[in-house]
Amino acid sequence: MAKIVGGFQDPSSEVLAEAAAVFGLLASSARLHIMWALSQGESDVTHLADRVGGALPAVSQHLAKLKLAGLVRSRRDGRRQIYYVDDPDIVTVVRVMVGQLTARETSSANPDRLREAGV
């Protein structure tokens with residue numbers, strides 16, 4: 001039976017496992033950068049590789065993993081695959097996390113505290 005604490009019910013173990021899997025995918029700085037770029041608008045793999053500074057095959061592999069997990073979708077535009085994030089909640093999570101850490105980096109005396117804590 002799930003506990004209710006502070007007005008919130010604990011999520012099921014299945015939901016927590018799915019969330020951990022999504023966060024695990026986003027734990028890669030390359031995939032997070034791709035998600036950040038796609039949260040700003042759709043793009044093909046060539047433009048994404050240029051934007052994130054990654055090799056085309058590596059960016060393609062990251063996109064394949066994100067697509068398999070349902071975080072990214074694609075559509076065909078002529079001969080190109082156009083990638084986009086179809087879930088506004090994922091866009092929000094990425095924008096909030098990256099935005100908060102960016103703001104902390106510019107105002108904090110120790111922006112590397114998460115790395116130092118072993119996170």
# chains A, B, ... in the order shown; residues from 1 in each chain; ligands from 1

$ closest_atom_pairs --of "range 48-100 of chain A" --to "range 17-30 of chain A" --cutoff "10 Å" --atoms "only C-alpha atoms" --output "Markdown table"
| residue | atom | partner | partner_atom | distance |
| --- | --- | --- | --- | --- |
| A:Val52 | CA | A:Ala30 | CA | 7.4 |
| A:Gly53 | CA | A:Ala30 | CA | 9.1 |
| A:Gly54 | CA | A:Ala30 | CA | 7.9 |
| A:Ala58 | CA | A:Ala30 | CA | 9.2 |
| A:Val59 | CA | A:Ala30 | CA | 8.0 |
| A:His62 | CA | A:Ala30 | CA | 7.8 |
| A:Lys65 | CA | A:Leu25 | CA | 8.1 |
| A:Leu66 | CA | A:Leu25 | CA | 7.4 |
| A:Ala69 | CA | A:Val22 | CA | 7.7 |
| A:Gly70 | CA | A:Val22 | CA | 9.4 |
| A:Leu71 | CA | A:Val22 | CA | 8.2 |
| A:Ile90 | CA | A:Val22 | CA | 9.5 |
| A:Val94 | CA | A:Leu26 | CA | 8.8 |

$ select_by_dssp --residues "chain A" --states "strand (DSSP E or B)" --output "list of chain:residue names"
A:Ile4, A:Val5, A:Phe8, A:Gln9, A:Ser43, A:Asp44, A:Arg73, A:Ser74, A:Arg75, A:Arg76, A:Asp77, A:Arg80, A:Gln81, A:Ile82, A:Tyr83, A:Tyr84

$ write_last_selection --atoms "N, CA, C and O atoms" --output "mmCIF file, in the first residue's frame"
data_model
loop_
_atom_site.group_PDB
_atom_site.id
_atom_site.type_symbol
_atom_site.label_atom_id
_atom_site.label_comp_id
_atom_site.auth_asym_id
_atom_site.auth_seq_id
_atom_site.Cartn_x
_atom_site.Cartn_y
_atom_site.Cartn_z
ATOM 1 N N ILE A 4 0.786 8.077 1.890
ATOM 2 C CA ILE A 4 0.473 9.453 1.535
ATOM 3 C C ILE A 4 1.160 10.343 2.559
ATOM 4 O O ILE A 4 0.878 10.270 3.746
ATOM 5 N N VAL A 5 2.102 11.148 2.076
ATOM 6 C CA VAL A 5 2.869 12.033 2.947
ATOM 7 C C VAL A 5 2.804 13.436 2.356
ATOM 8 O O VAL A 5 3.081 13.637 1.172
ATOM 9 N N PHE A 8 0.843 13.940 -0.871
ATOM 10 C CA PHE A 8 1.253 13.241 -2.086
ATOM 11 C C PHE A 8 1.338 11.749 -1.820
ATOM 12 O O PHE A 8 1.859 11.323 -0.797
ATOM 13 N N GLN A 9 0.829 10.976 -2.757
ATOM 14 C CA GLN A 9 0.921 9.519 -2.660
ATOM 15 C C GLN A 9 2.227 9.060 -3.290
ATOM 16 O O GLN A 9 2.628 9.564 -4.346
ATOM 17 N N SER A 43 15.088 19.341 -35.355
ATOM 18 C CA SER A 43 16.345 19.434 -36.091
ATOM 19 C C SER A 43 16.659 18.092 -36.741
ATOM 20 O O SER A 43 16.200 17.044 -36.280
ATOM 21 N N ASP A 44 17.480 18.132 -37.782
ATOM 22 C CA ASP A 44 17.981 16.888 -38.349
ATOM 23 C C ASP A 44 19.303 16.532 -37.666
ATOM 24 O O ASP A 44 19.861 17.331 -36.917
ATOM 25 N N ARG A 73 10.938 11.747 -31.070
ATOM 26 C CA ARG A 73 10.248 11.184 -32.234
ATOM 27 C C ARG A 73 10.884 11.775 -33.479
ATOM 28 O O ARG A 73 11.646 12.730 -33.399
ATOM 29 N N SER A 74 10.531 11.206 -34.619
ATOM 30 C CA SER A 74 11.066 11.746 -35.867
ATOM 31 C C SER A 74 9.995 11.683 -36.946
ATOM 32 O O SER A 74 9.027 10.941 -36.846
ATOM 33 N N ARG A 75 10.217 12.514 -37.942
ATOM 34 C CA ARG A 75 9.358 12.502 -39.125
ATOM 35 C C ARG A 75 10.260 12.676 -40.337
ATOM 36 O O ARG A 75 11.363 13.212 -40.241
ATOM 37 N N ARG A 76 9.808 12.199 -41.447
ATOM 38 C CA ARG A 76 10.582 12.289 -42.671
ATOM 39 C C ARG A 76 10.265 13.605 -43.378
ATOM 40 O O ARG A 76 9.122 14.016 -43.464
ATOM 41 N N ASP A 77 11.321 14.268 -43.846
ATOM 42 C CA ASP A 77 11.178 15.482 -44.641
ATOM 43 C C ASP A 77 12.077 15.297 -45.862
ATOM 44 O O ASP A 77 13.280 15.588 -45.799
ATOM 45 N N ARG A 80 15.588 13.577 -45.385
ATOM 46 C CA ARG A 80 16.078 13.800 -44.017
ATOM 47 C C ARG A 80 15.082 13.303 -42.977
ATOM 48 O O ARG A 80 13.883 13.344 -43.195
ATOM 49 N N GLN A 81 15.626 12.860 -41.846
ATOM 50 C CA GLN A 81 14.825 12.569 -40.659
ATOM 51 C C GLN A 81 14.886 13.808 -39.777
ATOM 52 O O GLN A 81 15.984 14.274 -39.454
ATOM 53 N N ILE A 82 13.745 14.309 -39.389
ATOM 54 C CA ILE A 82 13.683 15.464 -38.509
ATOM 55 C C ILE A 82 13.284 14.957 -37.130
ATOM 56 O O ILE A 82 12.272 14.277 -36.975
ATOM 57 N N TYR A 83 14.086 15.292 -36.126
ATOM 58 C CA TYR A 83 13.862 14.823 -34.759
ATOM 59 C C TYR A 83 13.246 15.928 -33.916
ATOM 60 O O TYR A 83 13.534 17.106 -34.113
ATOM 61 N N TYR A 84 12.396 15.528 -32.979
ATOM 62 C CA TYR A 84 11.743 16.482 -32.091
ATOM 63 C C TYR A 84 11.321 15.781 -30.808
ATOM 64 O O TYR A 84 11.226 14.552 -30.753
#

$ residues_around --residues "Gln61 in chain A" --least-positions-apart "6" --cutoff "12 Å" --atoms "only C-alpha atoms" --output "PyMOL selection string"
chain A and resi 30-31+34+45+49+54-55+67-68

$ atom_distance --atom1 "CA of Gln100 in chain A" --atom2 "CA of Ser12 in chain A"
27.7 Å

$ closest_residue --among "A:Leu38, A:Val15, A:Ala64, A:Leu48" --to "Asp87 in chain A" --atoms "only C-alpha atoms"
A:Leu38

$ atom_distance --atom1 "CA of Glu42 in chain A" --atom2 "CA of Val96 in chain A"
18.8 Å

$ atom_distance --atom1 "CA of Ser13 in chain A" --atom2 "CA of Leu101 in chain A"
28.3 Å

$ select_by_dssp --residues "range 7-46 of chain A" --states "alpha helix (DSSP H)" --output "MDAnalysis selection string"
chainID A and resid 13:26 29:39 45:46
